[in-house]
Structures are given as C-alpha cells and as structure tokens.
$ cat work_16.csv   # CSV, C-alpha atoms
chain,number,residue,atom,x,y,z
P,110,MET,CA,-12.2,-23.5,27.1
P,111,ALA,CA,-10.5,-27.0,27.4
P,112,ASP,CA,-11.4,-27.1,31.1
P,113,ASP,CA,-15.1,-26.6,30.2
P,114,TYR,CA,-15.0,-29.6,27.9
P,115,LEU,CA,-13.2,-31.7,30.6
P,116,HIS,CA,-15.7,-30.9,33.3
P,117,ALA,CA,-18.5,-31.9,31.0
P,118,SER,CA,-16.9,-35.2,30.4
P,119,ASP,CA,-16.6,-36.1,34.1
P,120,ASP,CA,-19.4,-38.5,34.8
P,121,GLY,CA,-20.2,-40.9,37.7
P,122,GLU,CA,-18.5,-43.9,36.1
P,123,LEU,CA,-15.1,-42.4,36.7
P,124,GLU,CA,-15.6,-42.4,40.4
P,125,GLU,CA,-15.9,-46.2,40.5
P,126,MET,CA,-12.5,-46.8,38.9
P,127,GLN,CA,-9.2,-47.3,40.7
P,128,PRO,CA,-7.5,-43.9,41.5
P,129,GLU,CA,-4.6,-44.5,39.1
P,130,GLN,CA,-6.8,-45.8,36.3
P,131,GLY,CA,-9.2,-42.9,36.8
P,132,LYS,CA,-6.4,-40.4,36.7
P,133,LYS,CA,-5.1,-41.9,33.5
P,134,HIS,CA,-8.5,-42.0,31.8
P,135,LYS,CA,-9.2,-38.4,32.8
P,136,HIS,CA,-5.8,-37.2,31.5
P,137,SER,CA,-6.5,-38.9,28.2
P,138,GLY,CA,-9.9,-37.4,28.0
P,139,LYS,CA,-8.4,-33.9,28.6
P,140,ALA,CA,-5.9,-34.4,25.8
P,141,ILE,CA,-8.5,-35.6,23.3
P,142,ALA,CA,-11.0,-32.8,24.2
P,143,ALA,CA,-8.3,-30.2,24.0
P,144,ALA,CA,-7.1,-31.5,20.6
P,145,VAL,CA,-10.7,-31.5,19.3
P,146,ALA,CA,-11.3,-28.0,20.6
P,147,LEU,CA,-8.1,-26.5,19.3
P,148,THR,CA,-8.5,-28.2,15.9
P,149,ALA,CA,-12.0,-26.9,15.6
P,150,PHE,CA,-11.2,-23.4,16.7
P,151,GLY,CA,-8.0,-23.4,14.6
P,152,PHE,CA,-10.1,-24.1,11.6
P,153,VAL,CA,-12.5,-21.3,12.4
P,154,SER,CA,-9.6,-18.9,12.9
P,155,ALA,CA,-8.0,-20.0,9.7
P,156,ALA,CA,-11.2,-19.6,7.8
P,157,GLY,CA,-11.8,-16.2,9.3
P,158,SER,CA,-8.3,-15.2,8.4
P,159,VAL,CA,-8.9,-16.1,4.7
P,160,LEU,CA,-12.2,-14.2,4.7
P,161,ALA,CA,-10.6,-11.2,6.3
P,162,TYR,CA,-7.7,-11.3,3.9
P,163,ASP,CA,-10.0,-11.5,0.9
P,164,SER,CA,-12.2,-8.6,2.1
P,165,LEU,CA,-9.1,-6.4,2.5
P,166,PHE,CA,-7.8,-7.2,-1.0
P,167,LYS,CA,-11.0,-7.1,-2.9
P,168,ARG,CA,-11.2,-5.4,-6.3
P,169,TYR,CA,-11.1,-1.6,-6.0
P,170,GLU,CA,-13.0,0.6,-8.4
P,171,ARG,CA,-12.7,4.2,-9.3
P,172,PRO,CA,-14.6,6.6,-7.0
P,173,ASP,CA,-17.5,8.8,-8.1
P,174,TYR,CA,-15.5,11.8,-9.3
P,175,ARG,CA,-18.5,14.1,-8.9
P,176,VAL,CA,-18.0,13.9,-5.2
P,177,THR,CA,-14.3,13.3,-5.1
P,178,PRO,CA,-12.1,16.4,-4.6
P,179,GLY,CA,-8.6,16.9,-5.8
P,180,LEU,CA,-6.6,16.1,-8.9
P,181,ARG,CA,-7.7,12.5,-9.0
P,182,CYS,CA,-9.4,12.5,-12.3
P,183,TYR,CA,-7.5,13.0,-15.6
P,184,GLU,CA,-10.1,15.2,-17.1
P,185,ARG,CA,-9.1,17.8,-14.6
P,186,VAL,CA,-5.6,18.1,-15.9
P,187,GLU,CA,-5.7,16.9,-19.5
P,188,ASN,CA,-5.4,20.4,-20.9
P,189,ARG,CA,-1.9,20.7,-19.3
P,190,LEU,CA,-0.6,17.1,-18.9
P,191,MET,CA,-0.3,14.8,-21.9
P,192,ARG,CA,-0.7,11.1,-21.5
P,193,THR,CA,-0.9,8.0,-23.6
P,194,GLU,CA,-2.6,4.8,-22.3
P,195,VAL,CA,-0.3,1.9,-22.7
P,196,PRO,CA,-1.7,-1.5,-21.5
P,197,PHE,CA,0.8,-4.3,-20.6
P,198,TRP,CA,0.7,-7.7,-19.0
P,199,SER,CA,1.5,-8.7,-15.4
P,200,ASP,CA,1.5,-12.5,-15.4
P,201,ASN,CA,-1.8,-13.3,-17.2
P,202,VAL,CA,-3.6,-10.1,-16.3
P,203,LYS,CA,-3.8,-7.0,-18.5
P,204,LEU,CA,-2.9,-3.8,-16.6
P,205,ALA,CA,-3.7,-0.2,-17.5
P,206,GLY,CA,-0.5,1.7,-18.0
P,207,TYR,CA,-0.2,5.5,-18.4
P,208,TYR,CA,2.7,7.3,-20.0
P,209,TYR,CA,3.2,11.0,-19.3
P,210,PRO,CA,6.0,12.4,-21.5
P,211,ALA,CA,8.2,15.4,-20.4
P,212,GLU,CA,9.7,17.7,-23.0
P,213,ASN,CA,13.4,16.8,-23.5
P,214,ALA,CA,13.1,14.3,-20.7
P,215,LYS,CA,16.1,13.6,-18.5
P,216,GLY,CA,14.7,10.1,-17.6
P,217,LEU,CA,11.6,8.0,-16.9
P,218,VAL,CA,10.1,7.6,-13.5
P,219,VAL,CA,8.1,4.3,-13.0
P,220,PHE,CA,5.5,4.9,-10.3
P,221,ALA,CA,3.5,2.4,-8.1
P,222,HIS,CA,0.5,3.6,-6.1
P,223,GLY,CA,-0.7,2.5,-2.7
P,224,LEU,CA,-3.4,0.0,-1.8
P,225,HIS,CA,-7.0,1.1,-2.2
P,226,ALA,CA,-5.9,3.9,-4.6
P,227,GLY,CA,-5.1,4.0,-8.3
P,228,ALA,CA,-2.6,5.7,-10.5
P,229,ASP,CA,-4.8,8.7,-11.1
P,230,ASP,CA,-4.8,9.6,-7.4
P,231,TYR,CA,-1.2,10.8,-7.8
P,232,LEU,CA,-1.7,13.0,-10.9
P,233,ALA,CA,-0.4,16.0,-9.0
P,234,VAL,CA,2.9,14.1,-8.4
P,235,PHE,CA,3.1,13.1,-12.1
P,236,GLU,CA,2.6,16.7,-13.1
P,237,PHE,CA,5.3,17.9,-10.8
P,238,MET,CA,7.8,15.4,-12.1
P,239,VAL,CA,6.9,16.1,-15.8
P,240,ASN,CA,7.3,19.9,-15.1
P,241,HIS,CA,10.8,19.1,-13.7
P,242,GLY,CA,12.0,17.2,-16.7
P,243,TYR,CA,11.1,13.6,-15.9
P,244,SER,CA,8.6,11.5,-17.9
P,245,VAL,CA,6.4,9.2,-15.8
P,246,PHE,CA,5.0,5.7,-16.4
P,247,ALA,CA,2.3,4.8,-14.0
P,248,PHE,CA,-0.1,1.9,-13.8
P,249,ASP,CA,-3.1,0.6,-12.0
P,250,THR,CA,-2.2,-2.6,-10.1
P,251,LYS,CA,-4.2,-5.8,-10.5
P,252,GLY,CA,-7.8,-5.5,-9.5
P,253,THR,CA,-7.6,-1.7,-9.4
P,254,TYR,CA,-9.4,1.0,-11.5
P,255,SER,CA,-8.9,0.3,-15.2
P,256,SER,CA,-6.8,-2.8,-14.8
P,257,GLU,CA,-8.2,-6.3,-15.0
P,258,GLY,CA,-8.4,-8.7,-12.1
P,259,ASP,CA,-11.0,-9.6,-9.6
P,260,SER,CA,-8.9,-8.7,-6.5
P,261,THR,CA,-6.0,-6.6,-5.5
P,262,VAL,CA,-4.3,-9.9,-4.4
P,263,GLY,CA,-2.0,-8.6,-1.6
P,264,LEU,CA,0.5,-6.0,-0.4
P,265,ALA,CA,3.3,-7.4,-2.6
P,266,GLU,CA,1.2,-7.1,-5.7
P,267,ALA,CA,2.6,-3.6,-6.4
P,268,PHE,CA,6.0,-5.2,-6.4
P,269,VAL,CA,4.9,-7.9,-8.8
P,270,ASP,CA,3.3,-5.4,-11.2
P,271,MET,CA,6.3,-2.9,-11.0
P,272,ASP,CA,8.6,-5.8,-11.8
P,273,HIS,CA,6.5,-6.6,-14.9
P,274,ALA,CA,6.2,-2.9,-15.8
P,275,LEU,CA,10.0,-2.6,-15.9
P,276,ASP,CA,10.3,-5.7,-18.0
P,277,PHE,CA,7.8,-4.2,-20.4
P,278,ILE,CA,9.6,-0.9,-20.6
P,279,ALA,CA,12.9,-2.7,-21.2
P,280,GLN,CA,11.4,-4.2,-24.3
P,281,GLN,CA,10.3,-0.8,-25.8
P,282,PRO,CA,12.8,0.6,-28.3
P,283,CYS,CA,11.7,4.2,-27.4
P,284,PHE,CA,13.1,3.7,-23.9
P,285,ARG,CA,16.3,1.9,-24.9
P,286,ASP,CA,18.6,4.8,-24.0
P,287,THR,CA,16.4,6.4,-21.3
P,288,PRO,CA,17.6,6.4,-17.7
P,289,ILE,CA,15.0,4.6,-15.5
P,290,PHE,CA,14.0,5.5,-12.0
P,291,VAL,CA,11.3,4.2,-9.6
P,292,MET,CA,9.0,5.9,-7.1
P,293,GLY,CA,6.1,4.7,-5.0
P,294,HIS,CA,3.8,5.3,-2.1
P,295,SER,CA,3.0,2.9,0.7
P,296,CYS,CA,3.0,-0.7,-0.7
P,297,GLY,CA,4.1,1.0,-3.9
P,298,ALA,CA,7.0,2.4,-2.0
P,299,TYR,CA,7.9,-1.1,-0.9
P,300,ALA,CA,7.8,-2.1,-4.6
P,301,ALA,CA,10.1,0.8,-5.4
P,302,THR,CA,12.7,-0.5,-3.0
P,303,ALA,CA,12.3,-4.3,-3.3
P,304,VAL,CA,12.4,-4.1,-7.1
P,305,LEU,CA,16.1,-3.0,-6.9
P,306,ALA,CA,16.9,-6.6,-6.2
P,307,ARG,CA,15.5,-7.6,-9.6
P,308,HIS,CA,16.3,-4.6,-11.9
P,309,PRO,CA,19.9,-3.4,-11.8
P,310,GLU,CA,19.1,-1.0,-14.7
P,311,VAL,CA,17.2,1.3,-12.3
P,312,ARG,CA,19.3,4.4,-11.5
P,313,GLY,CA,17.5,5.6,-8.4
P,314,SER,CA,14.5,5.1,-6.1
P,315,VAL,CA,12.2,7.3,-4.1
P,316,ALA,CA,10.0,5.4,-1.5
P,317,ILE,CA,7.3,7.4,0.3
P,318,ALA,CA,6.0,5.7,3.5
P,319,PRO,CA,7.5,2.2,2.7
P,320,MET,CA,7.2,-1.0,4.6
P,321,ASN,CA,10.2,-3.3,4.9
P,322,ASN,CA,8.4,-6.5,3.9
P,323,ALA,CA,4.9,-7.1,2.6
P,324,SER,CA,4.5,-10.3,4.6
P,325,SER,CA,5.4,-8.8,7.9
P,326,MET,CA,3.1,-5.9,7.3
P,327,ILE,CA,0.0,-8.0,6.7
P,328,ASN,CA,1.0,-10.4,9.5
P,329,GLN,CA,1.1,-7.4,11.9
P,330,LYS,CA,-2.7,-7.3,11.2
P,331,GLY,CA,-3.1,-10.9,12.3
P,332,LYS,CA,-4.3,-10.0,15.7
P,333,THR,CA,-6.9,-7.7,14.3
P,334,TYR,CA,-8.2,-10.5,12.0
P,335,SER,CA,-8.4,-12.9,14.9
P,336,LEU,CA,-10.0,-10.7,17.5
P,337,PRO,CA,-13.6,-11.3,16.4
P,338,LEU,CA,-13.0,-15.0,17.1
P,339,ALA,CA,-11.4,-14.6,20.5
P,340,PHE,CA,-14.8,-14.9,22.2
P,341,LEU,CA,-14.6,-18.7,21.5
P,342,GLY,CA,-12.1,-19.0,24.3
P,343,ILE,CA,-8.9,-20.0,22.5
P,344,PRO,CA,-5.7,-18.4,24.0
P,345,PRO,CA,-4.9,-15.2,22.0
P,346,GLY,CA,-1.4,-16.4,21.3
P,347,LEU,CA,-2.6,-19.6,19.7
P,348,LEU,CA,-5.4,-17.9,17.8
P,349,THR,CA,-3.0,-15.3,16.4
P,350,GLY,CA,-0.5,-18.0,15.5
P,351,THR,CA,-3.1,-19.8,13.5
P,352,THR,CA,-4.1,-16.6,11.8
P,353,MET,CA,-0.6,-15.7,10.9
P,354,ALA,CA,0.2,-19.2,9.6
P,355,THR,CA,-2.9,-19.0,7.4
P,356,ILE,CA,-2.1,-15.6,6.1
P,357,ASP,CA,1.5,-16.7,5.3
P,358,ALA,CA,0.2,-19.6,3.4
P,359,THR,CA,-2.4,-17.5,1.5
P,360,GLN,CA,0.2,-14.9,0.5
P,361,ALA,CA,2.7,-17.5,-0.5
P,362,LYS,CA,0.1,-19.2,-2.7
P,363,ARG,CA,-1.0,-16.0,-4.4
P,364,LEU,CA,2.3,-14.0,-4.6
P,365,GLY,CA,5.0,-16.7,-4.5
P,366,LYS,CA,8.6,-15.5,-4.3
P,367,TYR,CA,7.7,-11.9,-4.1
P,368,THR,CA,6.7,-12.2,-0.5
P,369,LYS,CA,10.3,-13.1,0.5
P,370,TYR,CA,12.0,-9.8,-0.5
P,371,THR,CA,12.8,-7.1,2.0
P,372,ALA,CA,13.5,-3.5,1.3
P,373,VAL,CA,16.6,-3.6,3.5
P,374,ASP,CA,18.2,-6.4,1.6
P,375,ALA,CA,17.3,-5.0,-1.8
P,376,ILE,CA,18.8,-1.6,-0.9
P,377,ASN,CA,21.9,-3.0,0.6
P,378,GLY,CA,22.4,-5.2,-2.4
P,379,SER,CA,22.2,-2.2,-4.7
P,380,ALA,CA,24.5,0.8,-5.2
P,381,VAL,CA,21.9,3.3,-6.5
P,382,PRO,CA,20.8,6.3,-4.6
P,383,VAL,CA,17.6,6.0,-2.6
P,384,LEU,CA,15.4,8.5,-0.9
P,385,ILE,CA,13.2,7.1,1.9
P,386,ALA,CA,10.4,9.4,3.2
P,387,GLN,CA,8.5,8.7,6.4
P,388,GLY,CA,5.8,10.6,8.2
P,389,ALA,CA,6.3,10.8,12.0
P,390,LYS,CA,2.5,10.7,12.4
P,391,ASP,CA,1.9,7.8,10.0
P,392,ALA,CA,-0.7,5.5,11.5
P,393,VAL,CA,-0.5,2.9,8.7
P,394,VAL,CA,3.2,2.2,8.3
P,395,GLU,CA,4.3,3.4,11.7
P,396,ALA,CA,7.8,4.6,12.0
P,397,ILE,CA,8.3,3.1,15.5
P,398,THR,CA,7.3,-0.4,14.5
P,399,PRO,CA,9.3,-3.1,12.6
P,400,VAL,CA,6.9,-3.1,9.7
P,401,SER,CA,8.3,0.2,8.5
P,402,LEU,CA,11.5,0.5,6.5
P,403,TYR,CA,12.3,3.6,8.6
P,404,PHE,CA,12.5,1.4,11.8
P,405,HIS,CA,15.4,-0.5,10.2
P,406,ARG,CA,17.4,2.5,9.1
P,407,ASN,CA,20.4,1.4,11.2
P,408,ARG,CA,20.6,-1.8,9.1
P,409,VAL,CA,20.6,0.1,5.8
P,410,ARG,CA,23.8,1.2,4.1
P,411,ASP,CA,24.3,5.0,4.5
P,412,ASP,CA,26.5,5.9,1.6
P,413,THR,CA,23.8,6.9,-0.9
P,414,VAL,CA,20.6,6.6,1.1
P,415,ILE,CA,18.8,9.8,2.2
P,416,TRP,CA,16.3,9.7,5.1
P,417,TYR,CA,13.5,12.2,5.0
P,418,LEU,CA,11.3,12.4,8.2
P,419,GLU,CA,8.2,14.6,7.9
P,420,SER,CA,7.1,15.7,11.4
P,421,GLY,CA,4.8,18.6,10.6
P,422,GLU,CA,1.1,18.8,9.9
P,423,ASN,CA,1.6,16.7,6.8
P,424,GLY,CA,3.4,13.9,8.6
P,425,GLY,CA,0.7,11.3,8.1
P,426,HIS,CA,0.6,8.3,5.7
P,427,ASP,CA,-1.1,10.1,2.9
P,428,THR,CA,-0.5,13.7,3.9
P,429,ILE,CA,3.3,13.3,3.7
P,430,TRP,CA,3.2,13.9,-0.1
P,431,HIS,CA,0.9,16.9,0.2
P,432,SER,CA,1.8,20.5,1.1
P,433,VAL,CA,0.9,21.8,4.5
P,434,ASP,CA,-1.5,24.2,2.9
P,435,ALA,CA,-3.2,21.3,1.0
P,436,VAL,CA,-3.6,19.4,4.3
P,437,ARG,CA,-5.2,22.4,6.0
P,438,TYR,CA,-7.4,22.9,3.0
P,439,GLN,CA,-8.5,19.3,3.0
P,440,LYS,CA,-9.5,19.6,6.6
P,441,GLN,CA,-11.4,22.8,5.8
P,442,VAL,CA,-13.3,21.1,3.0
P,443,ARG,CA,-14.3,18.2,5.2
P,444,ALA,CA,-15.4,20.5,8.0
P,445,ASP,CA,-17.5,22.7,5.6
P,446,LEU,CA,-19.2,19.7,4.1
P,447,LYS,CA,-20.0,18.2,7.5
P,448,ALA,CA,-21.5,21.6,8.7
P,449,MET,CA,-23.6,21.9,5.5
P,450,LYS,CA,-24.9,18.3,5.9
P,451,GLN,CA,-25.8,18.9,9.5
P,452,ALA,CA,-27.6,22.1,8.7
P,453,ARG,CA,-29.6,20.5,6.0
P,454,GLY,CA,-30.3,17.3,7.8
P,455,ASP,CA,-32.6,14.9,5.9
P,456,ALA,CA,-33.0,17.5,3.1
P,457,TRP,CA,-29.4,16.9,2.0
P,458,THR,CA,-29.2,15.3,-1.4
P,459,LEU,CA,-26.6,13.9,-3.8
P,460,GLU,CA,-27.2,16.9,-6.0
P,461,ASP,CA,-26.3,19.2,-3.0
P,462,GLU,CA,-23.1,17.2,-2.5
P,463,ILE,CA,-22.1,17.5,-6.2
P,464,ALA,CA,-22.8,21.2,-6.1
P,465,PHE,CA,-20.6,21.5,-3.0
P,466,TYR,CA,-17.6,19.7,-4.6
P,467,GLU,CA,-17.9,21.9,-7.7
P,468,THR,CA,-16.7,24.7,-5.5
P,469,VAL,CA,-13.5,23.0,-4.3
P,470,ASP,CA,-10.2,24.2,-5.6
P,471,ASN,CA,-8.8,20.8,-6.8
P,472,ASP,CA,-5.3,22.1,-7.5
P,473,ARG,CA,-5.0,23.4,-4.0
P,474,TYR,CA,-6.6,20.3,-2.5
P,475,SER,CA,-3.9,18.1,-4.2
P,476,ALA,CA,-0.9,20.4,-4.0
P,477,VAL,CA,2.3,18.4,-3.4
P,478,ASN,CA,5.0,18.6,-0.8
P,479,GLU,CA,7.5,20.5,-2.9
P,480,THR,CA,10.3,20.0,-0.3
P,481,LEU,CA,9.9,16.3,-0.7
P,482,PHE,CA,9.6,16.1,-4.4
P,483,ASN,CA,12.4,18.7,-5.0
P,484,ALA,CA,14.6,16.3,-3.0
P,485,ALA,CA,13.4,13.5,-5.3
P,486,VAL,CA,14.4,15.5,-8.4
P,487,ARG,CA,17.8,16.4,-6.9
P,488,LEU,CA,18.4,12.7,-6.2
P,489,PHE,CA,17.6,11.7,-9.8
P,490,ASP,CA,19.6,14.6,-11.2
P,491,CYS,CA,22.6,13.7,-9.1
P,492,ALA,CA,22.3,10.1,-10.2
P,493,LEU,CA,22.7,11.4,-13.8
P,494,GLY,CA,25.5,13.7,-12.9
P,495,LEU,CA,23.5,16.8,-13.6
P,496,ASP,CA,23.9,20.1,-11.8
P,497,ALA,CA,20.5,20.4,-10.0
P,498,ASP,CA,20.9,24.2,-9.8
P,499,ASN,CA,20.8,24.4,-13.6
P,500,THR,CA,18.0,22.0,-14.3
$ encode --input "work_16.csv" --output "structure tokens"
Amino acid sequence: MADDYLHASDDGELEEMQPEQGKKHKHSGKAIAAAVALTAFGFVSAAGSVLAYDSLFKRYERPDYRVTPGLRCYERVENRLMRTEVPFWSDNVKLAGYYYPAENAKGLVVFAHGLHAGADDYLAVFEFMVNHGYSVFAFDTKGTYSSEGDSTVGLAEAFVDMDHALDFIAQQPCFRDTPIFVMGHSCGAYAATAVLARHPEVRGSVAIAPMNNASSMINQKGKTYSLPLAFLGIPPGLLTGTTMATIDATQAKRLGKYTKYTAVDAINGSAVPVLIAQGAKDAVVEAITPVSLYFHRNRVRDDTVIWYLESGENGGHDTIWHSVDAVRYQKQVRADLKAMKQARGDAWTLEDEIAFYETVDNDRYSAVNETLFNAAVRLFDCALGLDADNT
C-alpha cells in the first residue's frame, strides 16, 4: 500500500532535480507517506478491534425457555432442587447468586459458568453435586442473565466475580466452618484455577475446558478481529500487532490486575488438589494450542493434579460435561427439528416450535458426564480425608 502512495507522489518536478537531491526527496516522501498510511490504518484496525471486542462481550440475556431444551430453567427442577437467591456485589455491580443446599453437606462448591451462558445452564451439574453431598453456590457473572451490568466485560470477568463471591462467602457466618471448593467451565474454569492464587482457603478445584490465561485467549482471536480490515493493504503482521495491542489495552483498562494471572502459576503456587478436564475435540479452547491449560501440562506440578482427557463423542468444549447418551440425544433433537421445519417450510410457526420442544426429554438432554463428575466428587472427598467408597 505504501508503494501505491509513493507512485502517486512522483510528479514531473522531481525529474528536474539533481539525482542525489531527487533521491533524498523521494526517500523522505516515502517515509512520510508510509507513516501516514500506517497511522491511519492502525487507527482503523484499533477502532475495529474495540468494536469487535465490545460485540463479543455484550450483555447476554436469558434465552426463550419455550424453545430452549434441557435443564436450563429452574422451574424444570424446582420440585427436587432447593435454592435460595443470594445477591452480592462484585466491584460496584450487583450479581445474582444462587445457593443450592445439600443435606448434611460435606462442603460448598462455588461454581463459575462459561461465556455466553449463565448459572442456570449448569443446573444438571448442581443437582449432581447436591445429590452427592456438596452444596453449590453459583452466580451469573456481570452482564449476564439476572445480574446487573451492561456488558460481560471480558474473559477474565468470571475470575473477578468468583474472587468477589469467595470474599462474600467468607463473610457469611453460616459458612464459617464449611470447606470451600471451586469449579468452573471454560472461562469459569480459568477462574476456578486462577483464583487459587488469591484464596488459600479453597480446598480443591475442578476446571472443565480451562484456558491458561484470559489475555492470551482473547489475543489469539486478534487475527480474526483484524481480517475484515486486511483488504486495506496493511501487512497482516502489523495489522494483527495493532489489534493485539489494542485488545491488551482494552482488557487492562476494564479488568486490571486480573488479566495478569495464569492458571499454571496459580496451581503451582498452591498445594490443593486440582482436576483439569479437557476435550480432545474442543474447538474453542483447543488442547493443542498454548491458550489451553492442557497444553501446558508439563509445566504444572504433578503431585496433586489430575488430568482428565475426554476423547469420545463428548470430547467437545460443551459436550465434555454431558454424557455420551445426552450428546447423541441432542443431535437427534436438532435433526428432528430440522426435518420438521423443512417439511413444513413457510408454514412453520413459533407455536409449532414450542410444541416440538415440549416433547423433548429435558433430563436426558442435559444428563451429565458421570465419569467426570464422580472424579470431581472423589477429589473433593479425598481433600477432606473421606473414604469415597462410603460417601
């Protein structure tokens, strides 16, 4: 692109100058034109990066449960899973917290959800943990579902909110003598590892599809953010560099110190047991890329860390915490819906879709990966010195 500017600036007057002088003048013109071009396109790239960042981390509302299958709506489990809504503050934002008590609870599991999901999306997990003797405290992160906030802020926000949730719990007399554990999925899994660096009271952690660092994860998407602007002619490396610098600055401004923590350092600085679960087919936090914690397993202490790799049909980013039967059933439901829509064509209505989803077995659709969560229970039990076979 710089050469195009330079050719446009070559006029007849330069040909009448002395060779050396003309060469110097032309070189200076190239430098100025290049600087102007790079500054202009750098600005466009930076502006585009901020817009892309904001669009990714916009506020996320609850779905229409009439056309949302699975145990993702509390009304579908309220007859068998007690809960109390417990709001708390994260910085200056009020978050919706949810407490699910277990009878004669062995401990309390604080759970952080993934991006573009909310706490209720993991109700099947909470029910499993409660049925196995562990109370659960979950919450909607900033800008999600019933929590306040006009955006979801960034990938490290789950870490920020879990940090404040643990502070809140520590202030509650009813939890004074309760062993505390943490668990999370995706960016919530990163929170469940990074938070070990700030909360030594935590007795154990389960991280499902975790990244190693929130900043590196979002920077990995820098090329994606900058691609729509590449047609302007700026070298891809420079364009991506500008994008990443802008994203770094944006994250640092909005999330501060929380962007600096890595899961590796937090785990290595802690002595508590940790279960790290990764799907071999995860296309979001890919096991073979440095963004995943699994990629760095050779850098993580191995004395009390358990690695769980799911390579079966449920080895994806979200499917890892579901049973194989649930994953197959989910595919069947989607296929049946698609076939019905195609058969009806333009005659298909919202009422038809609502009627279809009323036939879905929500328990089967959301059934959990019992191998994974039994391993989680065993890890928590062992941290408490309990005999897992008798619990």
$ residues_around --input "work_16.csv" --residues "P:Gly421" --least-positions-apart "4" --cutoff "10 Å" --atoms "only C-alpha atoms" --output "PDB file with C-alpha atoms, in the frame of the given file"
ATOM      1  CA  GLY P 388       5.800  10.600   8.200  1.00  0.00           C
ATOM      2  CA  ALA P 389       6.300  10.800  12.000  1.00  0.00           C
ATOM      3  CA  LYS P 390       2.500  10.700  12.400  1.00  0.00           C
ATOM      4  CA  GLY P 425       0.700  11.300   8.100  1.00  0.00           C
ATOM      5  CA  THR P 428      -0.500  13.700   3.900  1.00  0.00           C
ATOM      6  CA  ILE P 429       3.300  13.300   3.700  1.00  0.00           C
ATOM      7  CA  VAL P 433       0.900  21.800   4.500  1.00  0.00           C
TER       8      VAL P 433
END
$ atom_distance --input "work_16.csv" --atom1 "atom CA of P:Val262" --atom2 "atom CA of P:Val315"
23.8 Å
$ atom_distance --input "work_16.csv" --atom1 "atom CA of P:Val269" --atom2 "atom CA of P:Leu402"
18.7 Å
$ closest_residue --input "work_16.csv" --among "P:Asn188, P:Ser164, P:Asn423, P:Gln280" --to "P:Asp259" --atoms "only C-alpha atoms"
P:Ser164
$ closest_residue --input "work_16.csv" --among "P:Pro178, P:Gly365, P:Gly454, P:Pro288" --to "P:Asp230" --atoms "only C-alpha atoms"
P:Pro178
$ closest_residue --input "work_16.csv" --among "P:Gly297, P:Gly216, P:Pro309, P:Gly227" --to "P:Tyr254" --atoms "all atoms listed in the file"
P:Gly227
$ closest_residue --input "work_16.csv" --among "P:Ile278, P:Ala380, P:Ala298, P:Leu305" --to "P:Ile317" --atoms "only C-alpha atoms"
P:Ala298
$ closest_residue --input "work_16.csv" --among "P:Val381, P:Ala274, P:Arg408, P:Ser256" --to "P:Asn321" --atoms "all atoms listed in the file"
P:Arg408
$ closest_residue --input "work_16.csv" --among "P:Ala214, P:Cys182, P:Ala221, P:Val245" --to "P:Leu264" --atoms "all atoms listed in the file"
P:Ala221
$ atom_distance --input "work_16.csv" --atom1 "atom CA of P:Gln441" --atom2 "atom CA of P:Leu459"
20.1 Å
$ residues_around --input "work_16.csv" --residues "P:Trp198" --least-positions-apart "5" --cutoff "8 Å" --atoms "only C-alpha atoms" --output "list in words"
Lys203, Leu204, His273 and Ala274 of chain P
$ residues_around --input "work_16.csv" --residues "P:Arg312" --least-positions-apart "6" --cutoff "9 Å" --atoms "all atoms listed in the file" --output "VMD selection string"
chain P and resid 288 to 291 380 to 382 489 492 to 493
$ residues_around --input "work_16.csv" --residues "P:Gly293" --least-positions-apart "6" --cutoff "12 Å" --atoms "only C-alpha atoms" --output "VMD selection string"
chain P and resid 218 to 224 227 to 228 231 234 to 235 245 to 248 267 to 268 271 299 to 304 313 to 320 383 to 386 427 430 482 485
$ residues_around --input "work_16.csv" --residues "P:Phe465" --least-positions-apart "3" --cutoff "10 Å" --atoms "all atoms listed in the file" --output "number ranges by chain"
P: 175-176, 442, 445-446, 449, 459-462, 468-469
